[in-house]
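**Q** Contents of data_20.cif (mmCIF, C-alpha atoms and all ligand atoms) are given next:
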```
data_my_file
#
loop_
_atom_site.label_atom_id
_atom_site.label_comp_id
_atom_site.auth_asym_id
_atom_site.auth_seq_id
_atom_site.Cartn_x
_atom_site.Cartn_y
_atom_site.Cartn_z
CA MET A 1 0.00 0.00 0.00
CA ASN A 2 1.39 3.44 -0.85
CA ALA A 3 -0.45 5.42 1.85
CA PRO A 4 -1.04 4.58 5.53
CA LEU A 5 -4.52 3.10 5.74
CA ALA A 6 -5.43 3.90 9.36
CA PRO A 7 -6.32 7.60 8.89
CA LEU A 8 -7.97 6.90 5.54
CA TYR A 9 -10.06 4.13 7.09
CA SER A 10 -11.11 6.34 9.98
CA ALA A 11 -12.43 8.99 7.56
CA HIS A 12 -14.07 6.27 5.41
CA LEU A 13 -15.93 4.91 8.42
CA ALA A 14 -17.10 8.38 9.40
CA THR A 15 -18.54 8.79 5.88
CA LEU A 16 -20.25 5.41 6.08
CA ARG A 17 -21.77 6.25 9.43
CA THR A 18 -23.18 9.51 8.10
CA HIS A 19 -24.74 7.69 5.15
CA ALA A 20 -26.08 4.93 7.40
CA ASP A 21 -27.65 7.56 9.70
CA GLN A 22 -29.36 9.18 6.72
CA ALA A 23 -30.48 5.87 5.24
CA LEU A 24 -31.97 4.68 8.52
CA ALA A 25 -33.80 7.98 9.05
CA LEU A 26 -35.17 7.72 5.51
CA GLY A 27 -36.50 4.22 6.08
CA GLY A 28 -37.68 4.80 9.67
CA PHE A 29 -35.27 2.28 11.24
CA ASP A 30 -33.28 2.27 14.48
CA HIS A 31 -30.54 -0.17 13.53
CA LEU A 32 -28.63 -1.29 10.48
CA LEU A 33 -27.80 -5.01 10.57
CA ILE A 34 -25.50 -6.33 7.86
CA ALA A 35 -24.80 -10.03 7.44
CA ALA A 36 -21.49 -11.18 5.98
CA GLY A 37 -23.52 -14.13 4.65
CA THR A 38 -22.74 -17.81 4.55
CA PRO A 39 -21.45 -19.94 1.68
CA PRO A 40 -24.20 -21.65 -0.32
CA GLY A 41 -24.19 -25.43 -0.02
CA LYS A 42 -23.89 -27.71 -3.03
CA PHE A 43 -27.08 -29.62 -3.87
CA LEU A 44 -27.27 -33.05 -2.22
CA ASP A 45 -23.70 -32.67 -1.02
CA ASP A 46 -21.79 -31.93 2.15
CA GLN A 47 -19.66 -29.23 0.54
CA ASP A 48 -20.14 -25.50 0.12
CA TYR A 49 -19.39 -23.15 -2.75
CA PRO A 50 -16.62 -20.66 -1.97
CA PHE A 51 -17.61 -17.99 0.50
CA VAL A 52 -17.92 -14.44 -0.78
CA ALA A 53 -18.73 -11.84 1.86
CA SER A 54 -21.61 -9.47 1.17
CA PRO A 55 -20.40 -6.21 -0.42
CA HIS A 56 -22.30 -4.26 2.24
CA PHE A 57 -20.30 -6.05 4.92
CA LYS A 58 -17.00 -5.46 3.15
CA HIS A 59 -17.86 -1.79 2.78
CA TRP A 60 -17.56 -1.41 6.56
CA LEU A 61 -14.44 -3.47 7.15
CA PRO A 62 -11.76 -5.32 5.24
CA LEU A 63 -12.88 -8.72 6.47
CA THR A 64 -13.39 -11.11 3.60
CA ASP A 65 -13.27 -14.36 5.58
CA ALA A 66 -16.06 -14.04 8.11
CA PRO A 67 -18.96 -16.35 7.24
CA GLY A 68 -21.90 -15.97 9.60
CA SER A 69 -20.62 -12.70 11.09
CA TRP A 70 -22.66 -9.50 11.37
CA ILE A 71 -22.20 -5.77 11.69
CA ALA A 72 -24.76 -4.03 13.87
CA TYR A 73 -24.86 -0.25 13.72
CA THR A 74 -27.04 2.03 15.78
CA PRO A 75 -26.72 5.79 15.10
CA GLY A 76 -24.67 7.49 17.78
CA ALA A 77 -23.07 4.24 19.02
CA LYS A 78 -19.82 2.53 18.12
CA PRO A 79 -20.50 -0.09 15.45
CA LYS A 80 -20.47 -3.67 16.66
CA LEU A 81 -18.89 -6.63 14.90
CA ILE A 82 -20.34 -9.96 15.88
CA PHE A 83 -17.57 -12.21 14.75
CA VAL A 84 -18.10 -15.93 14.25
CA GLN A 85 -15.09 -18.04 15.09
CA PRO A 86 -16.43 -21.59 15.19
CA ARG A 87 -14.99 -24.40 17.28
CA ASP A 88 -14.00 -26.49 14.30
CA TYR A 89 -11.10 -28.81 13.67
CA TRP A 90 -12.09 -29.63 10.08
CA HIS A 91 -11.42 -26.21 8.62
CA VAL A 92 -9.14 -23.27 9.18
CA VAL A 93 -11.01 -21.04 11.59
CA PRO A 94 -11.19 -17.33 10.56
CA GLN A 95 -8.40 -15.36 12.21
CA ALA A 96 -9.26 -13.13 15.13
CA PRO A 97 -9.81 -9.56 13.89
CA HIS A 98 -6.66 -7.49 13.81
CA GLY A 99 -5.28 -4.41 12.07
CA TYR A 100 -5.97 -0.75 11.64
CA TRP A 101 -9.74 -1.00 11.80
CA VAL A 102 -10.48 -3.05 14.95
CA GLU A 103 -10.33 -0.13 17.40
CA HIS A 104 -13.38 1.35 15.65
CA PHE A 105 -15.61 -1.60 16.53
CA ASP A 106 -16.95 -3.28 19.62
CA ILE A 107 -16.10 -6.85 18.77
CA VAL A 108 -17.99 -9.80 20.20
CA THR A 109 -16.69 -13.23 19.27
CA VAL A 110 -19.20 -16.07 19.11
CA ARG A 111 -18.97 -19.69 18.02
CA SER A 112 -21.82 -20.07 15.53
CA ALA A 113 -24.09 -18.17 13.15
CA GLN A 114 -27.00 -18.87 15.51
CA GLU A 115 -25.14 -17.32 18.43
CA ALA A 116 -24.31 -14.34 16.24
CA ALA A 117 -27.97 -13.76 15.39
CA ALA A 118 -28.80 -13.82 19.11
CA GLN A 119 -26.40 -10.89 19.65
CA LEU A 120 -28.23 -8.58 17.25
CA PRO A 121 -30.12 -5.64 18.75
CA LYS A 122 -33.90 -5.85 18.80
CA GLY A 123 -36.12 -3.15 17.38
CA ARG A 124 -36.87 -1.63 14.01
CA SER A 125 -33.97 -2.85 11.95
CA ALA A 126 -32.94 -2.58 8.34
CA VAL A 127 -31.52 -6.07 7.85
CA ILE A 128 -29.27 -6.42 4.81
CA ALA A 129 -28.71 -10.09 4.17
CA PRO A 130 -29.35 -12.74 1.54
CA ALA A 131 -33.06 -13.40 1.86
CA CYS A 132 -33.08 -17.17 1.46
CA PRO A 133 -32.28 -19.11 4.64
CA ALA A 134 -34.25 -18.25 7.76
CA ILE A 135 -32.06 -16.79 10.48
CA ASP A 136 -33.33 -17.41 14.00
CA GLY A 137 -35.23 -14.39 15.28
CA VAL A 138 -34.13 -12.10 12.44
CA THR A 139 -36.43 -10.91 9.70
CA VAL A 140 -34.45 -10.06 6.60
CA ASN A 141 -36.10 -7.09 4.88
CA ASN A 142 -33.45 -5.48 2.62
CA PRO A 143 -35.51 -2.26 2.54
CA HIS A 144 -35.45 -0.63 -0.87
CA ALA A 145 -35.21 2.92 0.41
CA VAL A 146 -32.17 2.03 2.52
CA LEU A 147 -30.48 -0.04 -0.18
CA ASP A 148 -31.03 2.55 -2.90
CA PHE A 149 -29.59 5.28 -0.69
CA LEU A 150 -26.55 3.20 0.30
CA HIS A 151 -25.97 2.00 -3.26
CA TRP A 152 -26.07 5.52 -4.59
CA HIS A 153 -23.40 6.60 -2.14
CA ARG A 154 -21.30 3.53 -2.86
CA SER A 155 -20.80 5.02 -6.32
CA PHE A 156 -18.50 7.64 -4.80
CA LYS A 157 -15.33 6.07 -3.54
CA THR A 158 -13.64 7.43 -0.45
CA PRO A 159 -9.86 8.03 -0.49
CA TYR A 160 -9.54 4.79 1.52
CA GLU A 161 -11.41 2.83 -1.13
CA LEU A 162 -9.38 4.40 -3.93
CA GLU A 163 -6.19 3.36 -2.19
CA LEU A 164 -7.39 -0.25 -1.98
CA MET A 165 -8.49 -0.16 -5.62
CA ARG A 166 -5.09 1.17 -6.68
CA HIS A 167 -3.54 -1.78 -4.91
CA ALA A 168 -5.97 -4.23 -6.54
CA SER A 169 -4.83 -2.75 -9.87
CA ARG A 170 -1.17 -3.20 -9.00
CA ILE A 171 -1.73 -6.87 -8.13
CA GLY A 172 -3.68 -7.40 -11.33
CA VAL A 173 -1.01 -5.70 -13.43
CA ARG A 174 1.76 -7.81 -11.89
CA ALA A 175 -0.22 -10.88 -12.90
CA HIS A 176 -1.01 -9.51 -16.38
CA ARG A 177 2.72 -9.10 -16.97
CA ALA A 178 3.29 -12.74 -16.03
CA ALA A 179 0.42 -13.81 -18.29
CA GLU A 180 1.89 -11.92 -21.27
CA ASP A 181 5.26 -13.59 -20.66
CA ALA A 182 3.56 -17.00 -20.55
CA PHE A 183 1.77 -16.24 -23.83
CA ARG A 184 5.02 -15.23 -25.50
CA ALA A 185 6.64 -18.41 -24.15
CA GLY A 186 4.00 -20.48 -25.96
CA GLU A 187 1.97 -21.67 -22.97
CA SER A 188 -1.54 -23.07 -23.15
CA GLU A 189 -4.49 -21.06 -21.84
CA PHE A 190 -4.34 -23.20 -18.73
CA GLY A 191 -0.62 -22.56 -18.32
CA ILE A 192 -1.15 -18.81 -18.75
CA HIS A 193 -3.91 -18.92 -16.15
CA LEU A 194 -1.62 -20.66 -13.67
CA ALA A 195 1.09 -18.06 -14.32
CA TYR A 196 -1.49 -15.34 -13.66
CA LEU A 197 -2.62 -16.85 -10.36
CA GLU A 198 0.92 -17.42 -9.20
CA ALA A 199 1.92 -13.82 -9.88
CA ALA A 200 -1.27 -12.47 -8.27
CA ARG A 201 -0.83 -14.81 -5.30
CA GLN A 202 -4.58 -15.29 -5.37
CA ILE A 203 -6.58 -18.44 -5.99
CA ASP A 204 -9.50 -18.44 -8.40
CA ALA A 205 -12.04 -18.04 -5.63
CA GLU A 206 -10.31 -14.89 -4.39
CA LEU A 207 -10.39 -13.13 -7.75
CA PRO A 208 -13.21 -10.64 -8.28
CA TYR A 209 -14.43 -12.62 -11.32
CA ALA A 210 -13.48 -15.67 -13.34
CA SER A 211 -10.55 -14.82 -15.60
CA ILE A 212 -10.96 -14.83 -19.39
CA VAL A 213 -7.82 -16.22 -21.02
CA GLY A 214 -8.37 -16.67 -24.75
CA LEU A 215 -5.86 -17.53 -27.45
CA ASN A 216 -6.57 -16.90 -31.14
CA GLU A 217 -10.28 -17.36 -32.07
CA HIS A 218 -11.21 -17.72 -28.40
CA GLY A 219 -10.84 -13.96 -28.03
CA ALA A 220 -14.19 -13.73 -29.85
CA VAL A 221 -16.06 -15.43 -27.00
CA LEU A 222 -16.82 -12.52 -24.71
CA HIS A 223 -16.90 -14.62 -21.55
CA TYR A 224 -14.55 -17.41 -22.57
CA MET A 225 -13.73 -19.38 -19.40
CA HIS A 226 -12.62 -22.69 -20.76
CA PHE A 227 -8.80 -22.89 -20.40
CA ASP A 228 -7.53 -25.27 -23.07
CA ARG A 229 -4.95 -27.55 -21.48
CA THR A 230 -2.74 -27.81 -24.56
CA PRO A 231 -1.17 -24.97 -26.52
CA PRO A 232 -2.59 -24.30 -29.99
CA ALA A 233 -0.47 -25.15 -33.04
CA GLU A 234 0.20 -21.43 -33.48
CA HIS A 235 -0.03 -18.47 -31.09
CA ARG A 236 -1.46 -15.57 -33.09
CA SER A 237 -3.27 -13.47 -30.49
CA PHE A 238 -4.10 -13.37 -26.81
CA LEU A 239 -6.97 -11.65 -24.99
CA ILE A 240 -6.87 -11.68 -21.21
CA ASP A 241 -9.58 -10.12 -19.02
CA ALA A 242 -8.56 -10.71 -15.42
CA GLY A 243 -8.56 -8.75 -12.19
CA ALA A 244 -7.44 -9.04 -8.62
CA SER A 245 -8.85 -8.33 -5.20
CA CYS A 246 -7.62 -6.17 -2.35
CA ALA A 247 -9.54 -6.20 0.93
CA GLY A 248 -12.74 -6.91 -0.98
CA TYR A 249 -12.18 -4.33 -3.76
CA ALA A 250 -11.81 -5.33 -7.40
CA SER A 251 -9.70 -4.48 -10.37
CA ASP A 252 -10.92 -5.42 -13.86
CA ILE A 253 -8.25 -5.32 -16.55
CA THR A 254 -8.18 -6.48 -20.17
CA ARG A 255 -5.27 -6.54 -22.55
CA THR A 256 -4.92 -7.96 -26.05
CA TYR A 257 -1.62 -8.99 -27.62
CA ALA A 258 -0.46 -10.00 -31.08
CA ALA A 259 2.26 -12.60 -31.48
CA ALA A 260 5.41 -11.55 -33.30
CA GLY A 261 4.90 -11.54 -37.05
CA HIS A 262 1.21 -10.61 -36.92
CA GLY A 263 1.67 -6.95 -37.73
CA GLU A 264 -1.76 -6.25 -39.17
CA PHE A 265 -3.47 -7.45 -36.03
CA GLN A 266 -0.99 -5.43 -33.95
CA ALA A 267 -1.89 -2.35 -36.01
CA LEU A 268 -5.57 -2.95 -35.21
CA ILE A 269 -4.72 -3.30 -31.51
CA ASP A 270 -2.78 -0.03 -31.71
CA SER A 271 -5.78 1.78 -33.23
CA MET A 272 -8.07 0.40 -30.52
CA ASP A 273 -5.56 1.40 -27.88
CA THR A 274 -5.49 4.97 -29.16
CA ALA A 275 -9.29 5.02 -29.22
CA GLN A 276 -9.49 3.59 -25.70
CA GLN A 277 -7.18 6.28 -24.35
CA ASP A 278 -9.32 8.93 -26.02
CA PHE A 279 -12.40 7.53 -24.19
CA VAL A 280 -10.49 7.41 -20.89
CA ALA A 281 -9.57 11.09 -21.30
CA LYS A 282 -13.30 11.88 -21.37
CA VAL A 283 -13.92 10.43 -17.92
CA ARG A 284 -14.64 13.84 -16.47
CA ALA A 285 -17.26 15.31 -14.19
CA GLY A 286 -20.51 15.88 -16.06
CA GLN A 287 -19.75 13.48 -18.91
CA SER A 288 -22.81 11.36 -19.73
CA TYR A 289 -21.64 7.74 -19.78
CA PRO A 290 -24.19 6.59 -22.40
CA GLU A 291 -23.10 9.45 -24.66
CA LEU A 292 -19.51 8.31 -24.24
CA HIS A 293 -20.63 4.79 -25.20
CA LEU A 294 -22.30 6.12 -28.37
CA TYR A 295 -19.27 8.25 -29.16
CA ALA A 296 -17.16 5.08 -28.83
CA HIS A 297 -19.32 3.43 -31.50
CA HIS A 298 -18.53 6.27 -33.89
CA VAL A 299 -14.81 6.10 -33.20
CA ILE A 300 -14.80 2.32 -33.61
CA ALA A 301 -16.64 2.76 -36.92
CA GLY A 302 -13.69 4.93 -37.94
CA VAL A 303 -11.27 2.17 -36.91
CA LEU A 304 -13.26 -0.36 -38.94
CA ARG A 305 -13.07 1.93 -41.98
CA GLU A 306 -9.42 2.78 -41.54
CA HIS A 307 -8.52 -0.91 -41.41
CA GLY A 308 -10.61 -1.77 -44.46
CA PHE A 309 -13.45 -3.76 -42.88
CA ILE A 310 -16.25 -1.42 -43.91
CA ARG A 311 -16.80 1.13 -46.66
CA MET A 312 -19.78 3.08 -45.26
CA SER A 313 -19.60 6.30 -43.23
CA ALA A 314 -19.16 6.07 -39.48
CA GLU A 315 -22.61 7.58 -39.10
CA SER A 316 -24.36 4.90 -41.14
CA ALA A 317 -22.23 2.12 -39.59
CA VAL A 318 -23.59 3.11 -36.19
CA GLU A 319 -27.16 3.70 -37.34
CA SER A 320 -27.42 0.44 -39.29
CA GLY A 321 -26.09 -1.57 -36.34
CA VAL A 322 -22.87 -2.56 -38.10
CA THR A 323 -20.69 -1.33 -35.25
CA SER A 324 -22.80 -3.36 -32.81
CA ALA A 325 -21.86 -6.54 -34.71
CA PHE A 326 -18.20 -5.78 -33.99
CA PHE A 327 -18.63 -4.10 -30.57
CA PRO A 328 -21.60 -5.86 -29.00
CA HIS A 329 -21.17 -4.97 -25.32
CA GLY A 330 -21.20 -1.84 -23.22
CA LEU A 331 -18.27 0.55 -22.97
CA GLY A 332 -17.97 -0.27 -19.29
CA HIS A 333 -19.48 -0.16 -15.85
CA SER A 334 -18.99 1.10 -12.38
CA ILE A 335 -16.51 -0.90 -10.26
CA GLY A 336 -15.66 -1.14 -6.58
CA LEU A 337 -16.66 -3.78 -4.05
CA GLN A 338 -18.22 -5.64 -6.95
CA VAL A 339 -16.68 -5.87 -10.36
CA HIS A 340 -20.00 -4.75 -11.80
CA ASP A 341 -20.78 -2.34 -9.02
CA VAL A 342 -24.17 -1.08 -7.95
CA ALA A 343 -26.14 2.00 -8.98
CA GLY A 344 -25.03 2.21 -12.61
CA PHE A 345 -28.56 3.17 -13.64
CA GLN A 346 -29.74 5.20 -10.63
CA PRO A 347 -30.78 8.80 -11.29
CA ASP A 348 -30.38 9.70 -7.59
CA ALA A 349 -30.26 8.33 -4.05
CA ARG A 350 -33.99 7.50 -4.13
CA GLY A 351 -33.55 4.71 -6.64
CA GLY A 352 -35.11 4.38 -10.05
CA SER A 353 -33.46 3.58 -13.32
CA ILE A 354 -32.24 5.64 -16.26
CA PRO A 355 -33.00 3.60 -19.40
CA ARG A 356 -30.29 2.51 -21.80
CA PRO A 357 -30.13 4.10 -25.24
CA ALA A 358 -32.25 2.11 -27.70
CA GLY A 359 -30.29 -0.65 -29.39
CA HIS A 360 -27.67 -0.92 -26.63
CA PRO A 361 -29.06 -3.61 -24.32
CA TYR A 362 -25.80 -4.47 -22.59
CA LEU A 363 -24.70 -1.07 -21.39
CA ARG A 364 -24.40 -1.21 -17.57
CA MET A 365 -24.01 2.47 -16.86
CA THR A 366 -26.45 5.21 -17.88
CA ARG A 367 -25.46 7.96 -15.45
CA ALA A 368 -23.36 11.07 -15.82
CA LEU A 369 -19.92 10.84 -14.26
CA GLU A 370 -19.09 12.65 -11.05
CA PRO A 371 -15.91 12.98 -9.00
CA GLY A 372 -15.28 9.89 -6.89
CA MET A 373 -16.87 7.45 -9.33
CA VAL A 374 -14.69 4.68 -10.73
CA VAL A 375 -15.68 3.12 -14.02
CA THR A 376 -14.15 0.77 -16.52
CA ILE A 377 -13.49 1.87 -20.08
CA GLU A 378 -13.39 -1.30 -22.16
CA PRO A 379 -14.08 -0.89 -25.86
CA GLY A 380 -13.86 -4.01 -27.98
CA LEU A 381 -13.70 -5.08 -31.60
CA TYR A 382 -14.40 -8.76 -32.28
CA PHE A 383 -14.94 -11.19 -35.13
CA ILE A 384 -17.86 -13.20 -33.73
CA ASP A 385 -19.24 -15.81 -36.15
CA MET A 386 -22.83 -15.55 -34.91
CA LEU A 387 -23.01 -11.76 -35.19
CA LEU A 388 -21.19 -11.68 -38.52
CA ALA A 389 -23.66 -14.23 -39.92
CA GLU A 390 -26.52 -11.95 -38.86
CA LEU A 391 -24.79 -8.95 -40.43
CA ARG A 392 -24.38 -10.80 -43.72
CA ASP A 393 -28.18 -10.89 -44.05
CA LYS A 394 -28.57 -7.12 -43.72
CA PRO A 395 -28.43 -4.56 -46.56
CA ALA A 396 -25.35 -3.02 -44.94
CA ALA A 397 -23.47 -6.25 -45.72
CA ALA A 398 -22.78 -4.87 -49.20
CA ASP A 399 -20.44 -2.31 -47.64
CA VAL A 400 -18.44 -4.84 -45.63
CA ASP A 401 -15.20 -6.30 -46.99
CA TRP A 402 -15.88 -9.93 -46.08
CA ALA A 403 -12.53 -11.20 -47.25
CA ARG A 404 -10.86 -8.76 -44.88
CA VAL A 405 -13.19 -9.81 -42.06
CA ASP A 406 -12.44 -13.49 -42.74
CA ALA A 407 -8.72 -12.79 -42.63
CA PHE A 408 -9.11 -11.50 -39.06
CA ARG A 409 -11.39 -14.22 -37.68
CA PRO A 410 -8.38 -16.30 -36.58
CA TYR A 411 -7.45 -13.51 -34.15
CA GLY A 412 -10.76 -13.58 -32.27
CA GLY A 413 -10.92 -9.98 -31.16
CA ILE A 414 -9.61 -7.10 -29.14
CA ARG A 415 -10.64 -5.64 -25.82
CA ILE A 416 -8.66 -3.09 -23.83
CA GLU A 417 -9.96 -2.31 -20.37
CA ASP A 418 -8.80 0.16 -17.73
CA ASP A 419 -10.28 1.18 -14.39
CA VAL A 420 -10.61 4.95 -14.28
CA ALA A 421 -11.46 7.30 -11.44
CA CYS A 422 -13.37 10.48 -12.21
CA THR A 423 -11.91 13.44 -10.29
CA GLU A 424 -12.45 17.20 -10.12
CA GLY A 425 -9.92 17.45 -12.94
CA ALA A 426 -8.09 14.97 -15.15
CA PRO A 427 -9.08 11.31 -14.81
CA GLU A 428 -6.93 8.96 -12.77
CA ASN A 429 -6.22 5.79 -14.72
CA LEU A 430 -5.64 3.19 -12.03
CA THR A 431 -4.69 0.53 -14.55
CA ARG A 432 -2.21 2.46 -16.68
CA ASP A 433 -0.65 4.01 -13.58
CA ALA A 434 -0.08 0.46 -12.27
CA PHE A 435 1.44 -0.64 -15.59
CA ALA A 436 3.72 2.44 -15.55
CA GLN A 437 4.85 1.65 -12.00
CA ALA A 438 5.54 -1.95 -12.96
CA ASP A 439 7.88 -0.94 -15.81
N1 LIG A 501 -14.57 -8.91 -16.65
C1 LIG A 501 -15.91 -8.53 -16.77
C2 LIG A 501 -16.03 -7.24 -17.39
O1 LIG A 501 -15.11 -6.76 -18.00
O2 LIG A 501 -17.02 -6.59 -17.27
MN MN A 502 -15.32 -4.79 -17.07
MN MN A 503 -13.11 -7.20 -17.65
#
```
Output the file's structure in the form of structure tokens.
Ligand code: GLY
Ligand code: MN
Ligand code: MN
**A**
Amino acid sequence: MNAPLAPLYSAHLATLRTHADQALALGGFDHLLIAAGTPPGKFLDDQDYPFVASPHFKHWLPLTDAPGSWIAYTPGAKPKLIFVQPRDYWHVVPQAPHGYWVEHFDIVTVRSAQEAAAQLPKGRSAVIAPACPAIDGVTVNNPHAVLDFLHWHRSFKTPYELELMRHASRIGVRAHRAAEDAFRAGESEFGIHLAYLEAARQIDAELPYASIVGLNEHGAVLHYMHFDRTPPAEHRSFLIDAGASCAGYASDITRTYAAAGHGEFQALIDSMDTAQQDFVAKVRAGQSYPELHLYAHHVIAGVLREHGFIRMSAESAVESGVTSAFFPHGLGHSIGLQVHDVAGFQPDARGGSIPRPAGHPYLRMTRALEPGMVVTIEPGLYFIDMLLAELRDKPAAADVDWARVDAFRPYGGIRIEDDVACTEGAPENLTRDAFAQAD
């Protein structure tokens, strides 16, 4: 970590308490009770899926291994952590709380989730927890007014959160470097994945999302999570979308590489990289994110023209849906405690949803940017058989150079993704800063 966390955490907690006070007043509640959650069990089995703590829980403290635990907050009082440390010789028991944050909590250690529930204050409580399993004596209500208010404010990262996100980016970048080396050494997707995990020092279950490690045509599968165990006959291209976690915060990073000798694909990557950096530069206060997404379609139309894939104007490529065949996902999303973070569509703290622009069903962010928000900027350009087949049946197909398209299918596609903080001035690119530091 580059900055001492204790003072940053103290200010972060003060902000959270203010927001919790306001949210509880709004909903008419006396207490805020937040469950860490418990790992879901596998069907007809005695094993659980990996535990992932609730983002609301992780917002209050950097405890990611605390199944069954709760935070209980009553305005005006010190927050309480009811920490479950089971008597268990089958598993590693979660470590007793320690570190810069513990002095801010009254900590009660109990031995089971049932005992934890018994420690919760009684009264009118906003209970934020997965709704499914009944918890003794606790009625889970996840009140909308409270959630919408808290989600809205989660959009604006505190300096403490930004520091953790910078570190998540640095871990991810270290691992991306190792993955690129493994690609250039001729590894399989599986081998590259192992190199990534080793460099990140995180296991799959700790990553904020399942890594996408695609060689050649596999870059065209947007969520390719297969990991071929043997290397392909030839390494032409490599798309890796993989992040890392830090105290519950995510990074989300994508890079695309061409193998030596594949200069035309490298030139296309270079054009997309220039375009991506242009979009990043527009992450400024007041910028409408959906307008930035539509602008990206126009710029990508220009890239398609410049590289000889289409002959029509950028305007008609966007209007006729041609760019959507090559760039079929959103420009990005908000990121933080969740890789696809909350409140991407909210017009304000009272909830609601700003609709997506027509024809762009996968955009995850329809708000205007404000200082403190962190978003991804992840334009893509792919050669996806299914979408190209649909495009071939449209009138616009006459203005597509299909031989050129076919020549690029073996490369799969390109995505370049950075995590970018909106500030009062120039954007902070967490990802590129981490790459620059790693050089
Ligand atoms: N890795 C998921 C995404 O980029 O949104
Ligand atoms: Mn993303
Ligand atoms: Mn990603």
**Q** Please, which residues have at least one atom within 6 Å of an atom of ligand MN 503 (chain A), using only C-alpha atoms and all ligand atoms, listed as a list of chain:residue names?
**A**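 Using only C-alpha atoms and all ligand atoms, everything at most 6 Å from ligand MN 503 (chain A) comes to A:Asp241, A:Asp252, A:Ile253, A:Thr254.
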**Q** Rounded to one decimal place, report the atom CA of Val213 of chain A-atom CA of Leu194 of chain A distance in Å.
**A**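 So the two atoms, atom CA of Val213 of chain A and atom CA of Leu194 of chain A, lie 10.6 Å apart.
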**Q** May I ask you to write as a ChimeraX atom specification all residues lying at most 10 Å from ligand MN 502 (chain A), with all atoms listed in the file counted?
**A** /A:209,241-243,251-254,330-335,339-340,364,375-379,415-419
**Q** Return the single residue from A:Pro86, A:Gly248, A:Gly336, A:Gly191 that is closest to Leu61 of chain A, with distances computed using only C-alpha atoms.
**A**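 Going through A:Pro86, A:Gly248, A:Gly336, A:Gly191 one by one, the smallest distance to Leu61 of chain A is for A:Gly248.
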**Q** Please enclose the listed atoms of segment 79-90 of chain A in an axis-aligned box, pad each side by 8 Å, and write out the centre and the three edge lengths in Å, rounded to one decimal, as AutoDock Vina command-line options.
**A**
```
--center_x -15.8 --center_y -14.9 --center_z 13.7 --size_x 25.4 --size_y 45.5 --size_z 23.2
```
**Q** I'd like to know which of A:Tyr224, A:Phe408, A:Phe238, A:Tyr49 is closest to ligand LIG 501 (chain A), using all atoms listed in the file.
**A**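 Checking each candidate against ligand LIG 501 (chain A), we get A:Tyr224 as the closest.
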**Q** Just want the 9 Å neighbourhood of segment 118-127 of chain A, counted on only C-alpha atoms, with same-chain residues fewer than 4 positions away dropped. Output as a list in words.
**A**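 Listing them by chain and then by number gives Leu24, Gly27, Gly28, Phe29, Asp30, His31, Leu32, Leu33, Ile34, Ala35, Trp70, Ile71, Ala72, Thr74, Ile82, Val108, Val110, Ala113, Gln114, Asp136, Gly137, Val138, Thr139, Val140, Asn141, Asn142, Pro143 and Val146 of chain A.
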**Q** Which residue gives the smallest distance to Leu388 of chain A among A:Thr38, A:Thr323, A:Gln95, A:Gln266, with only C-alpha atoms counted?
**A**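 Among the listed residues, the smallest separation from Leu388 of chain A belongs to A:Thr323.
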**Q** For Gln437 of chain A, please output as a PyMOL selection string all residues within 10 Å (counting all atoms listed in the file; exclusion window: fewer than 4 positions along the same chain).
**A** chain A and resi 170+173-174+431-433
**Q** Would you list the contacts of segment 308-315 of chain A as a PDB file with C-alpha atoms, in the coordinates of the input, taking every protein, DNA or RNA residue within 8 Å and counting all atoms listed in the file, but skipping same-chain residues closer than 5 positions in sequence?
**A**
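So the final result, stored in part.pdb, reads:
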```pdb
ATOM      1  CA  HIS A 298     -18.530   6.270 -33.890  1.00  0.00           C
ATOM      2  CA  VAL A 299     -14.810   6.100 -33.200  1.00  0.00           C
ATOM      3  CA  ALA A 301     -16.640   2.760 -36.920  1.00  0.00           C
ATOM      4  CA  GLY A 302     -13.690   4.930 -37.940  1.00  0.00           C
ATOM      5  CA  ASP A 399     -20.440  -2.310 -47.640  1.00  0.00           C
ATOM      6  CA  VAL A 400     -18.440  -4.840 -45.630  1.00  0.00           C
ATOM      7  CA  ASP A 401     -15.200  -6.300 -46.990  1.00  0.00           C
ATOM      8  CA  TRP A 402     -15.880  -9.930 -46.080  1.00  0.00           C
ATOM      9  CA  ARG A 404     -10.860  -8.760 -44.880  1.00  0.00           C
ATOM     10  CA  VAL A 405     -13.190  -9.810 -42.060  1.00  0.00           C
TER      11      VAL A 405
END
```
**Q** With distances taken over all atoms listed in the file, which residue among A:Val102, A:Ala178, A:Ala250, A:Met1 lies nearest ligand LIG 501 (chain A)?
**A**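 When distances to ligand LIG 501 (chain A) are compared using all atoms listed in the file, the smallest one comes from A:Ala250.
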**Q** Give me the residues within 8 Å of Ala210 of chain A as a CSV table (one decimal) with C-alpha atoms, in the coordinates of the input, counting all atoms listed in the file and dropping any in the same chain fewer than 2 places off.
**A**
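Generated file (around-v3.csv):
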```
chain,number,residue,atom,x,y,z
A,204,ASP,CA,-9.5,-18.4,-8.4
A,207,LEU,CA,-10.4,-13.1,-7.8
A,208,PRO,CA,-13.2,-10.6,-8.3
A,212,ILE,CA,-11.0,-14.8,-19.4
A,225,MET,CA,-13.7,-19.4,-19.4
A,242,ALA,CA,-8.6,-10.7,-15.4
```
**Q** Given only C-alpha atoms and all ligand atoms as the basis, pick out the residue of A:His329, A:Lys42, A:Arg356, A:Lys78 nearest to ligand LIG 501 (chain A).
**A**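 Among the listed residues, the smallest separation from ligand LIG 501 (chain A) belongs to A:His329.
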